[in-house]
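These notes concern the structure reproduced below.
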Amino acid sequence: MSAREERLARRLLGPAGPEVTCEQCFDELDRYVELELQGADAEAAVPGMAAHLDGCPACAEEHALLHALLAPATADR
């Protein structure tokens, strides 16, 4: 199975573990990205976020934009 097919299957079947909602995602996204950029275990801090981002294109786009916005600021520290 190709990587594309695996992503599609995960989106269709849903996550195996906990998953946050879009509302919870937006509430926690800043903290999640900051933890990622610090090299911390962001998934442990916000369980289910990775599964949600993997299955929700809108939230994944917000994650990517926020990550790109905050990455230069984190590098300056």
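For the structure tokens, the naming scheme is as follows: chains receive sequential letters (A, B, ...) according to their order of presentation, residues are indexed from 1 within each chain, and ligands are indexed from 1 in presentation order.
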
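For range 20-50 of chain A, backbone-based DSSP assignment of alpha helix (DSSP H) covers Cys22, Glu23, Gln24, Cys25, Phe26, Asp27, Glu28, Leu29, Asp30, Arg31, Tyr32, Val33, Glu34, Leu35, Glu36, Leu37, Gln38, Ala42, Glu43, Ala44, Ala45, Met49 and Ala50 of chain A.
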
Now that the selection is made, can you save its residues with C-alpha atoms as an mmCIF file, in the first residue's frame?
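Generated file (part16.cif):
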data_model
loop_
_atom_site.group_PDB
_atom_site.id
_atom_site.type_symbol
_atom_site.label_atom_id
_atom_site.label_comp_id
_atom_site.auth_asym_id
_atom_site.auth_seq_id
_atom_site.Cartn_x
_atom_site.Cartn_y
_atom_site.Cartn_z
ATOM 1 C CA CYS A 22 -11.807 20.829 15.500
ATOM 2 C CA GLU A 23 -12.794 23.170 18.346
ATOM 3 C CA GLN A 24 -10.345 21.497 20.732
ATOM 4 C CA CYS A 25 -7.709 21.590 18.014
ATOM 5 C CA PHE A 26 -8.016 25.336 17.567
ATOM 6 C CA ASP A 27 -7.957 25.835 21.357
ATOM 7 C CA GLU A 28 -4.720 23.839 21.721
ATOM 8 C CA LEU A 29 -2.979 24.450 18.393
ATOM 9 C CA ASP A 30 -0.716 27.288 19.578
ATOM 10 C CA ARG A 31 0.571 25.252 22.512
ATOM 11 C CA TYR A 32 0.945 22.134 20.372
ATOM 12 C CA VAL A 33 3.049 23.903 17.737
ATOM 13 C CA GLU A 34 5.174 25.648 20.370
ATOM 14 C CA LEU A 35 5.896 22.277 21.992
ATOM 15 C CA GLU A 36 6.773 20.771 18.596
ATOM 16 C CA LEU A 37 9.181 23.607 17.882
ATOM 17 C CA GLN A 38 10.797 23.170 21.305
ATOM 18 C CA ALA A 42 3.506 17.628 21.832
ATOM 19 C CA GLU A 43 1.336 14.540 21.351
ATOM 20 C CA ALA A 44 1.771 13.585 25.015
ATOM 21 C CA ALA A 45 0.654 17.080 26.015
ATOM 22 C CA MET A 49 -3.968 16.013 18.131
ATOM 23 C CA ALA A 50 -1.731 14.184 15.641
#

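One distance worth recording is that between CA of Gly55 in chain A and CA of Ala9 in chain A, which is 9.8 Å.
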
Residue contacts of His63 in chain A (8 Å, only C-alpha atoms) excluding same-chain residues fewer than 2 positions away, as a list in words:
Leu29, Val33, Leu53, Cys59, Ala60, Glu61, Leu65, Leu66 and His67 of chain A

Keeping N, CA and C atoms for every residue in the selection just given, could you write it to a file as a compact mmCIF listing (two decimals), in the first residue's frame?
# COMPACT_ATOMS: atom_id res chain seq x y z
N LEU A 29 -3.95 24.46 19.49
CA LEU A 29 -2.98 24.45 18.39
C LEU A 29 -1.73 25.28 18.68
N VAL A 33 1.97 23.50 18.66
CA VAL A 33 3.05 23.90 17.74
C VAL A 33 4.27 24.40 18.51
N LEU A 53 -5.03 16.05 13.17
CA LEU A 53 -4.35 16.77 12.08
C LEU A 53 -4.15 15.89 10.86
N CYS A 59 -7.73 21.72 9.60
CA CYS A 59 -6.88 21.90 10.78
C CYS A 59 -5.42 21.67 10.44
N ALA A 60 -5.15 20.72 9.55
CA ALA A 60 -3.78 20.47 9.12
C ALA A 60 -3.20 21.70 8.43
N GLU A 61 -4.02 22.38 7.66
CA GLU A 61 -3.56 23.61 7.00
C GLU A 61 -3.25 24.69 8.03
N LEU A 65 0.41 26.44 8.68
CA LEU A 65 0.59 27.90 8.64
C LEU A 65 1.16 28.42 9.95
N LEU A 66 0.62 27.94 11.07
CA LEU A 66 1.11 28.39 12.37
C LEU A 66 2.55 27.93 12.59
N HIS A 67 2.83 26.72 12.18
CA HIS A 67 4.19 26.18 12.30
C HIS A 67 5.17 27.06 11.51

CA of Glu19 in chain A to CA of Pro47 in chain A, straight-line distance in Å:
7.1 Å

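Here CA of Val46 in chain A and CA of Ser2 in chain A stand 28.4 Å from one another.
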
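Shortest atom-to-atom contact with Leu8 in chain A among A:Cys56, A:Ala64, A:Leu69, A:Val20: A:Cys56, counting only C-alpha atoms.
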